[in-house]
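Step one of this worksheet: look at the structure below.
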Amino acid sequence: MAFELPQLPYAHAALEPHIDTRTMEIHHGKHHAGYTNNLNNAIAGTDLEGKNIEDILANISQHGGAVRNNGGGFYNHDLFWKVMSPNGGGAPSGELGEAINSAFGSLDAFKDAFSKAAATRFGSGWAWLIVNAAGKLEVCSTANQDNPLMDIAEVKGTPILGIDVWEHAYYLNYQNRRPDYISAFFNVVNWEEVATRFAAAK
Ligand code: MN
């Protein structure tokens, strides 16, 4: 079974004005589709065919650059679409809200830490909210299409929220203003999805 490009869970225009339609069309239809196709090409005929993506990422040090870059790109964008929603924004409730307060002091303090990680990632990459091996929430960032599931990651854990800070994620609408894109992102965060991933990961 080859990996398949997941459908967007909403229309391309659904995240306007925070993320523009054209960016969503290109980002999903070209970039994510490209990572998916290139991942399939990279694993064709190898013993990675039929493995799930989490298993591949957990042992990424054993594979070449094409699997690392495109496997990460495949996984990261799948998470990214799902942790956004046109009905997003606001604040997390329940256990996730309590865990964020416990780990960071407040939701605003979490947003500051996450925004700083996203803004200071030099070049292309991602910022993450993860559940680490101790079951605690932590903010980190990775370069390129790496992620905290990879055995080569400096900070490891299960990502439950992520923001793509490659220029292809924001340049059409925000040009060089990455911080504006990051602050707009919080208006579309799907906290229910993040809470579901938190419950599964901890
Ligand atoms: Mn991207």
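We name chains A, B, ... following the order of the structure tokens; residues begin at 1 in each chain, and ligands are numbered from 1 as shown.
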Within 7 Å of ligand 1 (only C-alpha atoms and all ligand atoms), residues as an mmCIF file with N, CA, C and O atoms, in the first residue's frame:
data_model
loop_
_atom_site.group_PDB
_atom_site.id
_atom_site.type_symbol
_atom_site.label_atom_id
_atom_site.label_comp_id
_atom_site.auth_asym_id
_atom_site.auth_seq_id
_atom_site.Cartn_x
_atom_site.Cartn_y
_atom_site.Cartn_z
ATOM 1 N N HIS A 27 -0.035 24.580 -1.256
ATOM 2 C CA HIS A 27 0.616 23.883 -0.148
ATOM 3 C C HIS A 27 0.140 22.428 -0.077
ATOM 4 O O HIS A 27 0.948 21.492 0.048
ATOM 5 N N HIS A 31 2.850 20.926 -2.701
ATOM 6 C CA HIS A 31 3.912 20.561 -1.761
ATOM 7 C C HIS A 31 3.629 19.229 -1.069
ATOM 8 O O HIS A 31 4.448 18.311 -1.104
ATOM 9 N N HIS A 32 2.457 19.116 -0.427
ATOM 10 C CA HIS A 32 2.179 17.872 0.300
ATOM 11 C C HIS A 32 2.066 16.701 -0.677
ATOM 12 O O HIS A 32 2.541 15.593 -0.387
ATOM 13 N N HIS A 77 2.644 17.479 7.328
ATOM 14 C CA HIS A 77 1.524 18.204 6.724
ATOM 15 C C HIS A 77 0.191 17.550 7.059
ATOM 16 O O HIS A 77 -0.809 18.240 7.241
ATOM 17 N N ASP A 164 3.996 24.990 10.412
ATOM 18 C CA ASP A 164 4.937 24.970 9.296
ATOM 19 C C ASP A 164 5.455 26.395 9.112
ATOM 20 O O ASP A 164 4.660 27.320 8.865
ATOM 21 N N TRP A 166 8.043 27.025 6.893
ATOM 22 C CA TRP A 166 8.641 27.183 5.558
ATOM 23 C C TRP A 166 7.986 28.396 4.893
ATOM 24 O O TRP A 166 6.782 28.650 5.073
ATOM 25 N N HIS A 168 6.931 28.661 2.029
ATOM 26 C CA HIS A 168 5.789 28.265 1.189
ATOM 27 C C HIS A 168 4.478 28.249 1.983
ATOM 28 O O HIS A 168 3.407 28.242 1.406
ATOM 29 N N ALA A 169 4.570 28.243 3.298
ATOM 30 C CA ALA A 169 3.367 28.207 4.139
ATOM 31 C C ALA A 169 2.726 29.580 4.309
ATOM 32 O O ALA A 169 1.567 29.661 4.728
#
What's around Val131 (chain A) at 8 Å? Count only C-alpha atoms, leave out sequence neighbours fewer than 6 positions away in its own chain, and write the answer as an mmCIF file with all heavy atoms, in the first residue's frame.
data_model
loop_
_atom_site.group_PDB
_atom_site.id
_atom_site.type_symbol
_atom_site.label_atom_id
_atom_site.label_comp_id
_atom_site.auth_asym_id
_atom_site.auth_seq_id
_atom_site.Cartn_x
_atom_site.Cartn_y
_atom_site.Cartn_z
ATOM 1 N N LEU A 137 4.251 18.261 28.631
ATOM 2 C CA LEU A 137 4.218 19.113 27.446
ATOM 3 C C LEU A 137 5.513 19.898 27.334
ATOM 4 O O LEU A 137 6.076 20.348 28.334
ATOM 5 C CB LEU A 137 3.044 20.090 27.532
ATOM 6 C CG LEU A 137 1.654 19.476 27.410
ATOM 7 C CD1 LEU A 137 0.599 20.547 27.656
ATOM 8 C CD2 LEU A 137 1.454 18.838 26.036
ATOM 9 N N GLU A 138 5.956 20.092 26.096
ATOM 10 C CA GLU A 138 7.205 20.794 25.846
ATOM 11 C C GLU A 138 7.112 21.431 24.460
ATOM 12 O O GLU A 138 6.451 20.893 23.570
ATOM 13 C CB GLU A 138 8.333 19.738 25.882
ATOM 14 C CG GLU A 138 9.726 20.270 25.937
ATOM 15 C CD GLU A 138 10.765 19.144 26.130
ATOM 16 O OE1 GLU A 138 10.389 17.997 26.445
ATOM 17 O OE2 GLU A 138 11.952 19.446 25.926
ATOM 18 N N GLY A 157 9.540 13.385 21.165
ATOM 19 C CA GLY A 157 8.235 13.259 21.783
ATOM 20 C C GLY A 157 7.190 13.086 20.701
ATOM 21 O O GLY A 157 7.516 12.964 19.517
ATOM 22 N N THR A 158 5.936 13.088 21.144
ATOM 23 C CA THR A 158 4.819 12.961 20.217
ATOM 24 C C THR A 158 4.252 14.344 19.936
ATOM 25 O O THR A 158 3.766 15.008 20.862
ATOM 26 C CB THR A 158 3.711 12.079 20.821
ATOM 27 O OG1 THR A 158 4.279 10.810 21.160
ATOM 28 C CG2 THR A 158 2.569 11.895 19.835
ATOM 29 N N PRO A 159 4.322 14.798 18.689
ATOM 30 C CA PRO A 159 3.776 16.124 18.393
ATOM 31 C C PRO A 159 2.251 16.124 18.458
ATOM 32 O O PRO A 159 1.607 15.215 17.928
ATOM 33 C CB PRO A 159 4.265 16.415 16.969
ATOM 34 C CG PRO A 159 4.583 15.092 16.378
ATOM 35 C CD PRO A 159 4.924 14.158 17.509
ATOM 36 N N ILE A 160 1.690 17.133 19.126
ATOM 37 C CA ILE A 160 0.222 17.262 19.171
ATOM 38 C C ILE A 160 -0.243 18.556 18.515
ATOM 39 O O ILE A 160 -1.427 18.716 18.249
ATOM 40 C CB ILE A 160 -0.324 17.133 20.616
ATOM 41 C CG1 ILE A 160 0.200 18.229 21.531
ATOM 42 C CG2 ILE A 160 0.037 15.760 21.188
ATOM 43 C CD1 ILE A 160 -0.496 18.251 22.907
ATOM 44 N N PHE A 198 -3.418 14.814 22.531
ATOM 45 C CA PHE A 198 -2.820 14.839 23.870
ATOM 46 C C PHE A 198 -3.258 13.616 24.672
ATOM 47 O O PHE A 198 -2.436 12.919 25.281
ATOM 48 C CB PHE A 198 -3.220 16.131 24.585
ATOM 49 C CG PHE A 198 -2.768 16.218 26.012
ATOM 50 C CD1 PHE A 198 -1.413 16.231 26.333
ATOM 51 C CD2 PHE A 198 -3.701 16.305 27.042
ATOM 52 C CE1 PHE A 198 -0.994 16.319 27.654
ATOM 53 C CE2 PHE A 198 -3.287 16.381 28.368
ATOM 54 C CZ PHE A 198 -1.932 16.395 28.677
ATOM 55 N N ALA A 201 -1.512 10.545 23.495
ATOM 56 C CA ALA A 201 -0.050 10.520 23.606
ATOM 57 C C ALA A 201 0.442 10.373 25.042
ATOM 58 O O ALA A 201 1.518 9.839 25.274
ATOM 59 C CB ALA A 201 0.540 11.802 23.018
ATOM 60 N N LYS A 202 -0.313 10.845 25.998
ATOM 61 C CA LYS A 202 0.241 10.920 27.363
ATOM 62 C C LYS A 202 0.148 9.590 28.115
ATOM 63 O O LYS A 202 -0.570 8.718 27.729
ATOM 64 C CB LYS A 202 -0.424 12.041 28.144
ATOM 65 C CG LYS A 202 -1.839 11.808 28.606
ATOM 66 C CD LYS A 202 -2.386 13.089 29.193
ATOM 67 C CE LYS A 202 -3.865 12.979 29.505
ATOM 68 N NZ LYS A 202 -4.185 12.076 30.598
#
- Message: For the structure I just gave you, how does DSSP split chain A - specifically, which residues are helix (DSSP H, G or I)? Reply as an MDAnalysis selection string.
- Response: chainID A and resid 21:43 53:58 60:62 65:82 94:104 107:120 167:169 171:174 178:185 191:201
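A straight line drawn from CA of Ile19 (chain A) to CA of Asn173 (chain A) is 7.6 Å long.
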Using only C-alpha atoms, the residue out of A:Gly90, A:Gly105, A:Gly29, A:Pro9 with shortest distance to Glu192 (chain A) is A:Gly90
Self-check item: Ile152 (chain A) surroundings by only C-alpha atoms, 10 Å radius, close-in-sequence under 4 positions cut, as JSON, numbers by chain
Solution: {"A": [57, 58, 59, 60, 61, 62, 146, 147, 148, 156]}
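Reported to one decimal place, the separation of CA of Lys136 (chain A) from CA of Ala109 (chain A) is 15.9 Å.
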- Message: Just want the 9 Å neighbourhood of Ile53 (chain A), counted on only C-alpha atoms, with same-chain residues fewer than 6 positions away dropped. Output as a PyMOL selection string.
- Response: chain A and resi 3+71-72+74-75
Requested write-out: C-alpha atoms of the selected residues, as a JSON list (two decimals), in the first residue's frame:
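Saved to out17.json:
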[["chain", "number", "residue", "atom", "x", "y", "z"],
["A", 3, "PHE", "CA", 0.93, 6.40, 1.09],
["A", 71, "GLY", "CA", 8.54, 10.94, 5.15],
["A", 72, "GLY", "CA", 8.71, 13.93, 7.45],
["A", 74, "PHE", "CA", 4.18, 13.51, 4.50],
["A", 75, "TYR", "CA", 3.58, 13.17, 8.26]]
Which polymer residues have any atom within 8 Å of an atom of Ala2 (chain A), counting only C-alpha atoms, with same-chain residues fewer than 2 positions away left out, as a ChimeraX atom specification?
/A:4,40,49-50
Those same residues - all heavy atoms - I'd like them written as a compact mmCIF listing (two decimals), in the first residue's frame.
# COMPACT_ATOMS: atom_id res chain seq x y z
N GLU A 4 -1.03 7.74 0.71
CA GLU A 4 -1.95 8.56 -0.08
C GLU A 4 -2.04 9.96 0.51
O GLU A 4 -2.07 10.13 1.73
CB GLU A 4 -3.36 7.94 -0.06
CG GLU A 4 -3.45 6.70 -0.92
CD GLU A 4 -4.87 6.14 -0.95
OE1 GLU A 4 -5.81 6.89 -0.64
OE2 GLU A 4 -4.99 4.95 -1.27
N ASN A 40 6.72 7.73 -1.63
CA ASN A 40 6.39 6.45 -2.26
C ASN A 40 7.49 5.99 -3.21
O ASN A 40 7.85 4.82 -3.24
CB ASN A 40 5.06 6.56 -3.00
CG ASN A 40 3.88 6.59 -2.04
OD1 ASN A 40 3.91 5.94 -0.99
ND2 ASN A 40 2.84 7.34 -2.38
N GLU A 49 8.11 -0.54 2.43
CA GLU A 49 6.76 -0.61 1.84
C GLU A 49 5.84 -1.35 2.79
O GLU A 49 6.17 -2.45 3.25
CB GLU A 49 6.81 -1.34 0.49
CG GLU A 49 7.05 -0.42 -0.68
CD GLU A 49 6.88 -1.14 -2.02
OE1 GLU A 49 7.38 -2.27 -2.14
OE2 GLU A 49 6.27 -0.56 -2.91
N GLY A 50 4.70 -0.74 3.10
CA GLY A 50 3.73 -1.37 3.99
C GLY A 50 3.91 -1.01 5.44
O GLY A 50 3.04 -1.30 6.26
Exercise for the section: Write out as a PyMOL selection string which residues come within 7 Å of Val189 (chain A) when counting only C-alpha atoms, dropping same-chain ones fewer than 5 positions away. Expected result: chain A and resi 83-85+88-89
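Pairwise distance (CA of Ala103 (chain A), CA of Ala143 (chain A)) equals 24.0 Å.
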Those in region 46-197 of chain A with strand (DSSP E) from DSSP, as an MDAnalysis selection string: chainID A and resid 125:131 137:143 158:164
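Considering the residues A:Lys111, A:Arg121, A:Lys82, A:Arg177 and counting only C-alpha atoms, Tyr10 (chain A) has its shortest atom-to-atom contact with A:Lys82.
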Polymer residues at most 9 Å from region 14-18 of chain A, only C-alpha atoms, same-chain spacing of 3 or more positions, as a ChimeraX atom specification: /A:10-11,21,24,84-87,173,181,184-185,187-188
Closest of A:Asp78, A:Glu167, A:Glu154, A:Asp112 to Thr36 (chain A), counting only C-alpha atoms, is A:Asp78
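Minimum atom-to-atom distances from A:Gly135, A:Gly97, A:Gly123, A:Pro92 to Phe186 (chain A) were compared using only C-alpha atoms, and the lowest value belongs to A:Pro92.
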